Number of protein chains: 2
Amino acid sequence: MSIVLLDMAMSLDGYIAGPDDADGGLNDWFFDPSRHNAEVVAESLHTTGALIIGRRTYDIGAALNAFADTPYHVPHMVVSHTVPAQTATSPAPFIFVTDGIVSALTQARAAANGKDVVLGGGASIAQQYLRANLIDEIQIHLVPVLLGNGIHLFNRDSSTIQKLEGTRVIGSSGVTHLRYRVVKEATPANR
Amino acid sequence: MSIVLLDMAMSLDGYIAGPDDADGGLNDWFFDPSRHNAEVVAESLHTTGALIIGRRTYDIGAALNAFADTPYHVPHMVVSHTVPAQTATSPAPFIFVTDGIVSALTQARAAANGKDVVLGGGASIAQQYLRANLIDEIQIHLVPVLLGNGIHLFNRDSSTIQKLEGTRVIGSSGVTHLRYRVVKEATPANR
């Protein structure tokens with residue numbers, strides 16, 4: 001079944017990017033040929049039907065020409081206030097969605113063709129989908145480093161406690177791949 | 001060899017306590033009889049020679065009478081500005097150290113009798129020892145919950161990147177036990 005998956009690399013102290021948007025080595029494992037890492041990457045490439053990213057992630061990636069060789073050739077929805085004049089060079093199609101996260105998810109589901117919709121870039125976007133209770137599973141690639149500064153994946157000052165259920169742990173070279181199911185409380189509507 | 005170990009339970013979003021100092025279920029695993037958890041607890045009880053905690057952790061524990069049945073019967077150094085008139089009822093001796101974290105560590109090492117010195121309570125204390133580069137290993141019991149608010153283990157606005165090396169991952173019921181070695185850069189003094 002198609003799920004909505006939050007999937008990001010994070011330092012032990014909770015950052016998905018270091019100071020000045022530096023990668024901080026958080027994604028080195030993605031290019032590490034060790035068996036467990038390669039299996040996690042292959043699974044992700046196989047199951048991802050569409051990606052949703054934030055506009056800031058898009059702009060940073062576009063400036064670095066990072067989309068030119070992305071292995072994800074699936075539609076990328078960019079949640080955005082405006083549509084840029086030029087689109088980044090990439091084997092992946094970009095669709096700029098200016099009417100909010102629910103619309104982006106609806107379009108991503110349609111584009112994903114039965115595969116997963118993956119939130120793969122941007123803390124702000126991740127937090128918005130979490131608050132809206134639209135995420136089914138979370139995969140964190142926990143990297144053994146304390147960055148001390150940068151962009152935090154999970155924001156503070158949320159009044160909601162969100163229970164998770166650990167479903168998989170893969171200890172690997174230079175990273176621990178952690179997978180969780182978001183526990184959705186039964187409500188009268190879905191009971 | 002005796003090491004200095006930072007050992008705490010933390011939510012996936014980085015909190016060691018929830019709002020209003022609530023435990024948030026972060027330590028439920030400690031009392032879970034599943035095999036892996038029991039082994040981690042047994043190891044901790046066997047290897048801990050002395051504990052260092054912050055004064056706030058002490059005050060909260062004392063108010064809850066939480067030290068009355070602690071399984072850790074080893075000396076507890078409490079880093080503090082003042083010495084309380086009365087000491088909490090406990091099988092563990094408390095030593096209030098008012099002249100700083102280095103003094104507390106020296107006293108803890110002497111008291112530990114060759115076993116490990118464990119930083120087991122208090123984010124502020126943990127951060128002070130981390131900044132002073134006095135921690136050898138870190139064990140995080142990562143609990144599958146997003147608390148959204150509370151006390152963060154790792155502070156922000158540190159300018160130092162601290163590399164770690166993952167040494168052990170134990171996936172268990174309701175918690176993932178992660179162990180790291182702090183990578184100390186060679187300096188002219190210890191090269």
# chains A, B, ... in the order shown; residues from 1 in each chain; ligands from 1
$ calpha_fit_and_write --fixed "chain B" --moving "chain A" --output "PDB file with C-alpha atoms, in the first residue's frame"
ATOM      1  CA  MET A   1      39.428   0.685  31.715  1.00  0.00           C
ATOM      2  CA  SER A   2      37.284   3.203  33.502  1.00  0.00           C
ATOM      3  CA  ILE A   3      35.505   5.579  31.138  1.00  0.00           C
ATOM      4  CA  VAL A   4      33.301   8.654  31.440  1.00  0.00           C
ATOM      5  CA  LEU A   5      29.954   7.726  29.913  1.00  0.00           C
ATOM      6  CA  LEU A   6      27.042  10.000  29.097  1.00  0.00           C
ATOM      7  CA  ASP A   7      24.045   7.690  29.442  1.00  0.00           C
ATOM      8  CA  MET A   8      20.505   8.977  28.980  1.00  0.00           C
ATOM      9  CA  ALA A   9      17.129   8.147  27.500  1.00  0.00           C
ATOM     10  CA  MET A  10      16.011  10.544  24.758  1.00  0.00           C
ATOM     11  CA  SER A  11      12.959  10.943  22.532  1.00  0.00           C
ATOM     12  CA  LEU A  12      13.442  10.836  18.754  1.00  0.00           C
ATOM     13  CA  ASP A  13      13.074  14.627  18.776  1.00  0.00           C
ATOM     14  CA  GLY A  14      15.852  15.036  21.308  1.00  0.00           C
ATOM     15  CA  TYR A  15      14.180  15.519  24.685  1.00  0.00           C
ATOM     16  CA  ILE A  16      15.272  13.876  27.950  1.00  0.00           C
ATOM     17  CA  ALA A  17      12.172  15.164  29.726  1.00  0.00           C
ATOM     18  CA  GLY A  18       8.817  16.388  28.541  1.00  0.00           C
ATOM     19  CA  PRO A  19       6.948  19.559  29.448  1.00  0.00           C
ATOM     20  CA  ASP A  20       6.912  20.309  33.223  1.00  0.00           C
ATOM     21  CA  ASP A  21       9.755  17.785  33.708  1.00  0.00           C
ATOM     22  CA  ALA A  22       7.368  14.895  32.992  1.00  0.00           C
ATOM     23  CA  ASP A  23       9.154  11.641  32.231  1.00  0.00           C
ATOM     24  CA  GLY A  24       7.156  11.221  29.030  1.00  0.00           C
ATOM     25  CA  GLY A  25       7.558   7.447  29.175  1.00  0.00           C
ATOM     26  CA  LEU A  26      11.246   7.812  28.307  1.00  0.00           C
ATOM     27  CA  ASN A  27      12.346   5.422  31.039  1.00  0.00           C
ATOM     28  CA  ASP A  28       9.637   2.778  30.722  1.00  0.00           C
ATOM     29  CA  TRP A  29      12.107   0.439  28.969  1.00  0.00           C
ATOM     30  CA  PHE A  30      14.237   0.366  32.131  1.00  0.00           C
ATOM     31  CA  PHE A  31      11.480  -1.624  33.835  1.00  0.00           C
ATOM     32  CA  ASP A  32      10.585  -3.700  30.774  1.00  0.00           C
ATOM     33  CA  PRO A  33      11.548  -7.338  31.354  1.00  0.00           C
ATOM     34  CA  SER A  34      12.309  -8.044  27.665  1.00  0.00           C
ATOM     35  CA  ARG A  35      15.659  -9.752  27.288  1.00  0.00           C
ATOM     36  CA  HIS A  36      17.595  -7.026  25.464  1.00  0.00           C
ATOM     37  CA  ASN A  37      16.431  -4.277  27.813  1.00  0.00           C
ATOM     38  CA  ALA A  38      17.209  -6.385  30.863  1.00  0.00           C
ATOM     39  CA  GLU A  39      20.731  -7.035  29.535  1.00  0.00           C
ATOM     40  CA  VAL A  40      21.359  -3.331  28.978  1.00  0.00           C
ATOM     41  CA  VAL A  41      20.171  -2.555  32.504  1.00  0.00           C
ATOM     42  CA  ALA A  42      22.268  -5.366  34.021  1.00  0.00           C
ATOM     43  CA  GLU A  43      25.358  -4.144  32.155  1.00  0.00           C
ATOM     44  CA  SER A  44      24.804  -0.611  33.407  1.00  0.00           C
ATOM     45  CA  LEU A  45      24.394  -1.745  37.018  1.00  0.00           C
ATOM     46  CA  HIS A  46      27.563  -3.831  36.722  1.00  0.00           C
ATOM     47  CA  THR A  47      29.819  -1.217  35.099  1.00  0.00           C
ATOM     48  CA  THR A  48      28.734   1.971  36.873  1.00  0.00           C
ATOM     49  CA  GLY A  49      31.097   2.953  39.681  1.00  0.00           C
ATOM     50  CA  ALA A  50      29.829   6.461  40.372  1.00  0.00           C
ATOM     51  CA  LEU A  51      27.158   8.767  38.996  1.00  0.00           C
ATOM     52  CA  ILE A  52      27.307  12.491  38.330  1.00  0.00           C
ATOM     53  CA  ILE A  53      24.000  14.360  38.202  1.00  0.00           C
ATOM     54  CA  GLY A  54      22.941  18.001  38.130  1.00  0.00           C
ATOM     55  CA  ARG A  55      21.336  19.746  41.060  1.00  0.00           C
ATOM     56  CA  ARG A  56      18.035  20.189  39.203  1.00  0.00           C
ATOM     57  CA  THR A  57      17.876  16.429  38.530  1.00  0.00           C
ATOM     58  CA  TYR A  58      18.616  15.835  42.195  1.00  0.00           C
ATOM     59  CA  ASP A  59      15.931  18.254  43.388  1.00  0.00           C
ATOM     60  CA  ILE A  60      13.284  16.778  41.078  1.00  0.00           C
ATOM     61  CA  GLY A  61      14.214  13.237  42.104  1.00  0.00           C
ATOM     62  CA  ALA A  62      14.262  14.147  45.796  1.00  0.00           C
ATOM     63  CA  ALA A  63      10.816  15.785  45.571  1.00  0.00           C
ATOM     64  CA  LEU A  64       9.429  12.618  43.957  1.00  0.00           C
ATOM     65  CA  ASN A  65      11.249  10.371  46.471  1.00  0.00           C
ATOM     66  CA  ALA A  66      12.756   8.727  43.387  1.00  0.00           C
ATOM     67  CA  PHE A  67      16.098   7.897  45.003  1.00  0.00           C
ATOM     68  CA  ALA A  68      14.532   5.760  47.746  1.00  0.00           C
ATOM     69  CA  ASP A  69      14.574   2.653  45.567  1.00  0.00           C
ATOM     70  CA  THR A  70      17.344   3.387  43.058  1.00  0.00           C
ATOM     71  CA  PRO A  71      19.150   0.203  42.022  1.00  0.00           C
ATOM     72  CA  TYR A  72      22.374   2.247  41.733  1.00  0.00           C
ATOM     73  CA  HIS A  73      23.894   1.990  45.213  1.00  0.00           C
ATOM     74  CA  VAL A  74      27.074   3.803  44.126  1.00  0.00           C
ATOM     75  CA  PRO A  75      28.166   7.320  45.098  1.00  0.00           C
ATOM     76  CA  HIS A  76      26.164  10.086  43.400  1.00  0.00           C
ATOM     77  CA  MET A  77      28.086  13.339  42.874  1.00  0.00           C
ATOM     78  CA  VAL A  78      25.655  16.253  42.658  1.00  0.00           C
ATOM     79  CA  VAL A  79      27.135  19.280  40.887  1.00  0.00           C
ATOM     80  CA  SER A  80      25.618  22.145  42.778  1.00  0.00           C
ATOM     81  CA  HIS A  81      26.056  25.725  43.954  1.00  0.00           C
ATOM     82  CA  THR A  82      24.870  24.964  47.478  1.00  0.00           C
ATOM     83  CA  VAL A  83      24.532  21.977  49.815  1.00  0.00           C
ATOM     84  CA  PRO A  84      20.962  21.223  50.917  1.00  0.00           C
ATOM     85  CA  ALA A  85      20.195  21.041  54.636  1.00  0.00           C
ATOM     86  CA  GLN A  86      18.725  17.558  54.308  1.00  0.00           C
ATOM     87  CA  THR A  87      19.768  14.797  51.929  1.00  0.00           C
ATOM     88  CA  ALA A  88      17.279  12.582  50.088  1.00  0.00           C
ATOM     89  CA  THR A  89      16.557   9.166  51.534  1.00  0.00           C
ATOM     90  CA  SER A  90      18.414   6.638  49.402  1.00  0.00           C
ATOM     91  CA  PRO A  91      20.616   3.542  49.564  1.00  0.00           C
ATOM     92  CA  ALA A  92      23.107   5.643  47.532  1.00  0.00           C
ATOM     93  CA  PRO A  93      25.429   8.156  49.187  1.00  0.00           C
ATOM     94  CA  PHE A  94      25.148  11.716  47.825  1.00  0.00           C
ATOM     95  CA  ILE A  95      28.171  13.983  47.648  1.00  0.00           C
ATOM     96  CA  PHE A  96      27.446  17.637  46.846  1.00  0.00           C
ATOM     97  CA  VAL A  97      30.270  19.183  44.820  1.00  0.00           C
ATOM     98  CA  THR A  98      30.264  22.972  44.793  1.00  0.00           C
ATOM     99  CA  ASP A  99      33.579  23.665  43.054  1.00  0.00           C
ATOM    100  CA  GLY A 100      32.749  22.684  39.484  1.00  0.00           C
ATOM    101  CA  ILE A 101      32.560  19.828  37.013  1.00  0.00           C
ATOM    102  CA  VAL A 102      36.270  18.973  36.981  1.00  0.00           C
ATOM    103  CA  SER A 103      36.301  18.545  40.737  1.00  0.00           C
ATOM    104  CA  ALA A 104      33.129  16.448  40.546  1.00  0.00           C
ATOM    105  CA  LEU A 105      34.779  14.208  37.944  1.00  0.00           C
ATOM    106  CA  THR A 106      37.966  13.824  39.996  1.00  0.00           C
ATOM    107  CA  GLN A 107      35.943  12.833  43.062  1.00  0.00           C
ATOM    108  CA  ALA A 108      33.732  10.526  40.992  1.00  0.00           C
ATOM    109  CA  ARG A 109      36.767   8.742  39.500  1.00  0.00           C
ATOM    110  CA  ALA A 110      38.197   8.171  42.964  1.00  0.00           C
ATOM    111  CA  ALA A 111      34.847   6.896  44.234  1.00  0.00           C
ATOM    112  CA  ALA A 112      34.227   4.677  41.201  1.00  0.00           C
ATOM    113  CA  ASN A 113      36.950   2.257  42.217  1.00  0.00           C
ATOM    114  CA  GLY A 114      38.020   1.448  38.674  1.00  0.00           C
ATOM    115  CA  LYS A 115      34.506   1.265  37.267  1.00  0.00           C
ATOM    116  CA  ASP A 116      32.835   3.797  34.960  1.00  0.00           C
ATOM    117  CA  VAL A 117      31.800   7.321  35.834  1.00  0.00           C
ATOM    118  CA  VAL A 118      28.316   7.841  34.415  1.00  0.00           C
ATOM    119  CA  LEU A 119      26.623  11.152  33.641  1.00  0.00           C
ATOM    120  CA  GLY A 120      23.085  10.014  34.171  1.00  0.00           C
ATOM    121  CA  GLY A 121      20.918  13.035  34.801  1.00  0.00           C
ATOM    122  CA  GLY A 122      20.707  16.625  33.640  1.00  0.00           C
ATOM    123  CA  ALA A 123      21.075  18.199  30.205  1.00  0.00           C
ATOM    124  CA  SER A 124      22.997  21.190  31.506  1.00  0.00           C
ATOM    125  CA  ILE A 125      25.598  18.949  33.150  1.00  0.00           C
ATOM    126  CA  ALA A 126      25.860  16.800  30.022  1.00  0.00           C
ATOM    127  CA  GLN A 127      26.446  19.866  27.865  1.00  0.00           C
ATOM    128  CA  GLN A 128      29.079  21.245  30.223  1.00  0.00           C
ATOM    129  CA  TYR A 129      31.062  17.972  30.175  1.00  0.00           C
ATOM    130  CA  LEU A 130      30.681  17.686  26.390  1.00  0.00           C
ATOM    131  CA  ARG A 131      31.994  21.218  25.864  1.00  0.00           C
ATOM    132  CA  ALA A 132      34.925  20.472  28.174  1.00  0.00           C
ATOM    133  CA  ASN A 133      35.701  17.372  26.079  1.00  0.00           C
ATOM    134  CA  LEU A 134      35.582  15.153  29.158  1.00  0.00           C
ATOM    135  CA  ILE A 135      33.225  12.465  27.826  1.00  0.00           C
ATOM    136  CA  ASP A 136      34.616   9.211  26.390  1.00  0.00           C
ATOM    137  CA  GLU A 137      31.437   7.439  25.324  1.00  0.00           C
ATOM    138  CA  ILE A 138      27.751   8.216  24.828  1.00  0.00           C
ATOM    139  CA  GLN A 139      24.878   5.802  25.266  1.00  0.00           C
ATOM    140  CA  ILE A 140      21.466   6.993  24.096  1.00  0.00           C
ATOM    141  CA  HIS A 141      18.331   4.979  24.731  1.00  0.00           C
ATOM    142  CA  LEU A 142      16.283   6.350  21.821  1.00  0.00           C
ATOM    143  CA  VAL A 143      12.565   6.164  22.534  1.00  0.00           C
ATOM    144  CA  PRO A 144      10.022   6.157  19.672  1.00  0.00           C
ATOM    145  CA  VAL A 145       8.033   9.238  20.596  1.00  0.00           C
ATOM    146  CA  LEU A 146       7.980  12.900  19.562  1.00  0.00           C
ATOM    147  CA  LEU A 147       7.466  14.900  22.763  1.00  0.00           C
ATOM    148  CA  GLY A 148       7.369  18.268  20.996  1.00  0.00           C
ATOM    149  CA  ASN A 149       8.536  20.149  24.060  1.00  0.00           C
ATOM    150  CA  GLY A 150      10.590  19.786  27.222  1.00  0.00           C
ATOM    151  CA  ILE A 151      14.311  19.628  27.960  1.00  0.00           C
ATOM    152  CA  HIS A 152      16.665  19.050  25.046  1.00  0.00           C
ATOM    153  CA  LEU A 153      19.723  16.887  25.699  1.00  0.00           C
ATOM    154  CA  PHE A 154      21.964  18.605  23.168  1.00  0.00           C
ATOM    155  CA  ASN A 155      21.931  22.384  23.187  1.00  0.00           C
ATOM    156  CA  ARG A 156      22.044  24.545  20.119  1.00  0.00           C
ATOM    157  CA  ASP A 157      24.508  27.244  19.273  1.00  0.00           C
ATOM    158  CA  SER A 158      27.607  25.243  19.861  1.00  0.00           C
ATOM    159  CA  SER A 159      30.292  26.116  17.338  1.00  0.00           C
ATOM    160  CA  THR A 160      32.003  22.763  17.697  1.00  0.00           C
ATOM    161  CA  ILE A 161      31.342  19.739  15.521  1.00  0.00           C
ATOM    162  CA  GLN A 162      31.933  16.570  17.525  1.00  0.00           C
ATOM    163  CA  LYS A 163      32.541  13.382  15.587  1.00  0.00           C
ATOM    164  CA  LEU A 164      31.341  10.123  17.065  1.00  0.00           C
ATOM    165  CA  GLU A 165      31.866   6.505  16.150  1.00  0.00           C
ATOM    166  CA  GLY A 166      28.933   4.134  16.459  1.00  0.00           C
ATOM    167  CA  THR A 167      30.037   1.074  18.412  1.00  0.00           C
ATOM    168  CA  ARG A 168      26.784  -0.769  19.173  1.00  0.00           C
ATOM    169  CA  VAL A 169      23.112  -0.803  18.228  1.00  0.00           C
ATOM    170  CA  ILE A 170      20.576  -2.890  20.132  1.00  0.00           C
ATOM    171  CA  GLY A 171      17.052  -2.718  18.787  1.00  0.00           C
ATOM    172  CA  SER A 172      14.658  -3.695  21.509  1.00  0.00           C
ATOM    173  CA  SER A 173      11.096  -3.482  22.674  1.00  0.00           C
ATOM    174  CA  GLY A 174      10.067   0.174  22.680  1.00  0.00           C
ATOM    175  CA  VAL A 175      13.613   1.585  22.557  1.00  0.00           C
ATOM    176  CA  THR A 176      16.832   1.496  20.534  1.00  0.00           C
ATOM    177  CA  HIS A 177      20.031   1.373  22.577  1.00  0.00           C
ATOM    178  CA  LEU A 178      22.739   3.300  20.696  1.00  0.00           C
ATOM    179  CA  ARG A 179      26.327   3.458  21.831  1.00  0.00           C
ATOM    180  CA  TYR A 180      29.041   5.803  20.537  1.00  0.00           C
ATOM    181  CA  ARG A 181      32.692   6.536  21.167  1.00  0.00           C
ATOM    182  CA  VAL A 182      33.620  10.223  21.175  1.00  0.00           C
ATOM    183  CA  VAL A 183      36.354  10.722  18.560  1.00  0.00           C
ATOM    184  CA  LYS A 184      39.042  12.848  20.171  1.00  0.00           C
ATOM    185  CA  GLU A 185      41.184  14.733  17.712  1.00  0.00           C
ATOM    186  CA  ALA A 186      44.898  14.316  18.255  1.00  0.00           C
ATOM    187  CA  THR A 187      46.510  17.403  19.747  1.00  0.00           C
ATOM    188  CA  PRO A 188      50.245  18.068  20.249  1.00  0.00           C
ATOM    189  CA  ALA A 189      49.760  17.163  23.916  1.00  0.00           C
ATOM    190  CA  ASN A 190      48.303  13.684  23.397  1.00  0.00           C
ATOM    191  CA  ARG A 191      49.612  12.784  19.958  1.00  0.00           C
TER     192      ARG A 191
END
$ select_by_dssp --residues "region 60-97 of chain A" --states "helix (DSSP H, G or I)" --output "ChimeraX atom specification"
/A:60-63
$ write_last_selection --atoms "all heavy atoms" --output "mmCIF file, in the first residue's frame"
data_model
loop_
_atom_site.group_PDB
_atom_site.id
_atom_site.type_symbol
_atom_site.label_atom_id
_atom_site.label_comp_id
_atom_site.auth_asym_id
_atom_site.auth_seq_id
_atom_site.Cartn_x
_atom_site.Cartn_y
_atom_site.Cartn_z
ATOM 1 N N ILE A 60 18.309 25.608 -2.669
ATOM 2 C CA ILE A 60 19.686 25.244 -2.311
ATOM 3 C C ILE A 60 20.212 24.185 -3.273
ATOM 4 O O ILE A 60 21.326 24.280 -3.789
ATOM 5 C CB ILE A 60 19.746 24.744 -0.842
ATOM 6 C CG1 ILE A 60 19.442 25.902 0.109
ATOM 7 C CG2 ILE A 60 21.104 24.116 -0.537
ATOM 8 C CD1 ILE A 60 19.190 25.474 1.550
ATOM 9 N N GLY A 61 19.374 23.180 -3.557
ATOM 10 C CA GLY A 61 19.791 22.124 -4.481
ATOM 11 C C GLY A 61 20.026 22.653 -5.891
ATOM 12 O O GLY A 61 20.990 22.276 -6.554
ATOM 13 N N ALA A 62 19.147 23.563 -6.330
ATOM 14 C CA ALA A 62 19.280 24.130 -7.671
ATOM 15 C C ALA A 62 20.571 24.945 -7.782
ATOM 16 O O ALA A 62 21.292 24.846 -8.772
ATOM 17 C CB ALA A 62 18.063 25.001 -7.993
ATOM 18 N N ALA A 63 20.879 25.722 -6.740
ATOM 19 C CA ALA A 63 22.095 26.548 -6.756
ATOM 20 C C ALA A 63 23.346 25.675 -6.826
ATOM 21 O O ALA A 63 24.354 26.056 -7.420
ATOM 22 C CB ALA A 63 22.133 27.447 -5.520
#
$ select_by_dssp --residues "region 2-156 of chain A" --states "strand (DSSP E)" --output "short mmCIF file (atom, residue, chain, number, x, y, z; two decimals) with N, CA, C and O atoms, in the first residue's frame"
data_model
loop_
_atom_site.label_atom_id
_atom_site.label_comp_id
_atom_site.auth_asym_id
_atom_site.auth_seq_id
_atom_site.Cartn_x
_atom_site.Cartn_y
_atom_site.Cartn_z
N VAL A 4 2.79 7.60 3.13
CA VAL A 4 3.51 8.88 3.16
C VAL A 4 4.64 8.72 4.16
O VAL A 4 4.40 8.46 5.34
N LEU A 5 5.86 8.82 3.67
CA LEU A 5 7.05 8.54 4.46
C LEU A 5 7.92 9.79 4.60
O LEU A 5 8.29 10.41 3.61
N LEU A 6 8.19 10.14 5.85
CA LEU A 6 9.20 11.18 6.12
C LEU A 6 10.54 10.47 6.18
O LEU A 6 10.72 9.55 6.98
N ASP A 7 11.48 10.86 5.32
CA ASP A 7 12.73 10.10 5.18
C ASP A 7 13.90 11.08 5.10
O ASP A 7 14.10 11.72 4.07
N MET A 8 14.65 11.19 6.20
CA MET A 8 15.75 12.16 6.21
C MET A 8 16.92 11.66 7.04
O MET A 8 16.77 10.86 7.96
N ALA A 9 18.09 12.17 6.71
CA ALA A 9 19.29 11.93 7.50
C ALA A 9 19.40 13.01 8.57
O ALA A 9 19.11 14.18 8.32
N MET A 10 19.78 12.59 9.78
CA MET A 10 19.80 13.52 10.92
C MET A 10 21.01 13.22 11.79
O MET A 10 21.38 12.06 11.98
N SER A 11 21.62 14.25 12.33
CA SER A 11 22.71 14.05 13.30
C SER A 11 22.13 13.61 14.64
O SER A 11 20.93 13.80 14.90
N TYR A 15 20.00 17.60 13.85
CA TYR A 15 20.08 18.50 12.71
C TYR A 15 20.03 17.75 11.38
O TYR A 15 20.63 16.68 11.25
N ILE A 16 19.34 18.33 10.39
CA ILE A 16 19.35 17.77 9.04
C ILE A 16 20.26 18.57 8.12
O ILE A 16 20.47 18.21 6.97
N ALA A 17 20.81 19.66 8.65
CA ALA A 17 21.83 20.42 7.93
C ALA A 17 22.62 21.18 8.98
O ALA A 17 22.09 21.53 10.04
N THR A 48 9.94 4.59 -3.85
CA THR A 48 9.55 6.00 -3.93
C THR A 48 8.85 6.30 -5.25
O THR A 48 9.43 6.11 -6.33
N GLY A 49 7.60 6.78 -5.16
CA GLY A 49 6.85 7.10 -6.37
C GLY A 49 6.84 8.58 -6.67
O GLY A 49 6.68 9.00 -7.83
N ALA A 50 6.95 9.39 -5.64
CA ALA A 50 6.99 10.85 -5.82
C ALA A 50 7.64 11.44 -4.58
O ALA A 50 7.56 10.87 -3.48
N LEU A 51 8.29 12.57 -4.75
CA LEU A 51 8.93 13.26 -3.64
C LEU A 51 8.24 14.60 -3.40
O LEU A 51 7.78 15.25 -4.35
N ILE A 52 8.16 14.99 -2.14
CA ILE A 52 7.72 16.35 -1.80
C ILE A 52 8.89 17.03 -1.09
O ILE A 52 9.44 16.47 -0.12
N ILE A 53 9.26 18.20 -1.56
CA ILE A 53 10.33 18.96 -0.91
C ILE A 53 9.88 20.41 -0.71
O ILE A 53 8.92 20.87 -1.34
N GLY A 54 10.57 21.11 0.17
CA GLY A 54 10.27 22.52 0.40
C GLY A 54 10.99 23.38 -0.62
O GLY A 54 11.94 22.95 -1.27
N HIS A 76 8.94 15.44 -8.54
CA HIS A 76 9.25 16.18 -7.31
C HIS A 76 8.23 17.31 -7.17
O HIS A 76 8.23 18.23 -7.99
N MET A 77 7.38 17.23 -6.14
CA MET A 77 6.49 18.36 -5.85
C MET A 77 7.26 19.34 -4.98
O MET A 77 7.82 18.94 -3.94
N VAL A 78 7.28 20.59 -5.37
CA VAL A 78 7.96 21.62 -4.57
C VAL A 78 6.88 22.53 -3.98
O VAL A 78 6.18 23.23 -4.71
N VAL A 79 6.73 22.46 -2.65
CA VAL A 79 5.75 23.32 -1.98
C VAL A 79 6.33 24.73 -1.91
O VAL A 79 7.42 24.93 -1.36
N PHE A 94 9.89 18.60 -12.08
CA PHE A 94 9.51 19.39 -10.91
C PHE A 94 8.13 19.98 -11.12
O PHE A 94 7.83 20.52 -12.20
N ILE A 95 7.29 19.85 -10.11
CA ILE A 95 5.96 20.47 -10.15
C ILE A 95 5.86 21.42 -8.96
O ILE A 95 5.94 20.99 -7.81
N PHE A 96 5.71 22.71 -9.23
CA PHE A 96 5.62 23.70 -8.16
C PHE A 96 4.16 23.83 -7.72
O PHE A 96 3.28 24.09 -8.55
N VAL A 97 3.94 23.59 -6.42
CA VAL A 97 2.57 23.59 -5.88
C VAL A 97 2.44 24.81 -4.98
O VAL A 97 3.14 24.93 -3.97
N ASP A 116 5.22 4.92 -2.90
CA ASP A 116 5.20 5.80 -1.73
C ASP A 116 5.43 7.27 -2.10
O ASP A 116 6.15 7.58 -3.05
N VAL A 117 4.81 8.13 -1.29
CA VAL A 117 5.10 9.56 -1.35
C VAL A 117 6.11 9.85 -0.25
O VAL A 117 5.87 9.55 0.92
N VAL A 118 7.25 10.42 -0.63
CA VAL A 118 8.34 10.60 0.33
C VAL A 118 8.63 12.08 0.55
O VAL A 118 8.85 12.84 -0.40
N LEU A 119 8.59 12.47 1.84
CA LEU A 119 9.02 13.82 2.22
C LEU A 119 10.51 13.74 2.45
O LEU A 119 10.96 13.18 3.45
N GLY A 120 11.27 14.27 1.50
CA GLY A 120 12.70 14.02 1.52
C GLY A 120 13.57 15.24 1.65
O GLY A 120 14.79 15.14 1.57
N GLY A 121 12.98 16.40 1.90
CA GLY A 121 13.84 17.58 2.02
C GLY A 121 13.11 18.76 2.60
O GLY A 121 12.08 19.19 2.07
N GLU A 137 4.75 6.96 8.11
CA GLU A 137 5.97 6.35 8.63
C GLU A 137 7.12 7.35 8.59
O GLU A 137 7.09 8.32 7.81
N ILE A 138 8.10 7.10 9.44
CA ILE A 138 9.28 7.97 9.53
C ILE A 138 10.52 7.09 9.41
O ILE A 138 10.62 6.07 10.11
N GLN A 139 11.42 7.46 8.51
CA GLN A 139 12.71 6.80 8.46
C GLN A 139 13.79 7.84 8.74
O GLN A 139 13.86 8.86 8.04
N ILE A 140 14.59 7.59 9.77
CA ILE A 140 15.68 8.50 10.12
C ILE A 140 16.99 7.76 9.94
O ILE A 140 17.18 6.67 10.48
N HIS A 141 17.88 8.36 9.18
CA HIS A 141 19.23 7.83 9.02
C HIS A 141 20.09 8.60 10.01
O HIS A 141 20.49 9.73 9.76
N LEU A 142 20.31 8.00 11.19
CA LEU A 142 20.93 8.72 12.31
C LEU A 142 22.46 8.64 12.19
O LEU A 142 23.05 7.56 12.25
N VAL A 143 23.06 9.80 12.05
CA VAL A 143 24.50 9.88 11.76
C VAL A 143 25.25 10.24 13.04
O VAL A 143 24.85 11.15 13.76
N VAL A 145 27.30 12.08 14.72
CA VAL A 145 28.01 13.35 14.81
C VAL A 145 27.13 14.32 15.60
O VAL A 145 25.90 14.22 15.56
N LEU A 146 27.76 15.22 16.35
CA LEU A 146 27.04 16.32 16.99
C LEU A 146 27.41 17.59 16.22
O LEU A 146 28.56 18.04 16.30
N ILE A 151 20.03 23.29 11.09
CA ILE A 151 18.56 23.22 10.95
C ILE A 151 18.06 21.96 11.63
O ILE A 151 18.43 20.84 11.25
N HIS A 152 17.21 22.16 12.64
CA HIS A 152 16.64 21.05 13.40
C HIS A 152 15.50 20.41 12.63
O HIS A 152 14.66 21.12 12.08
#
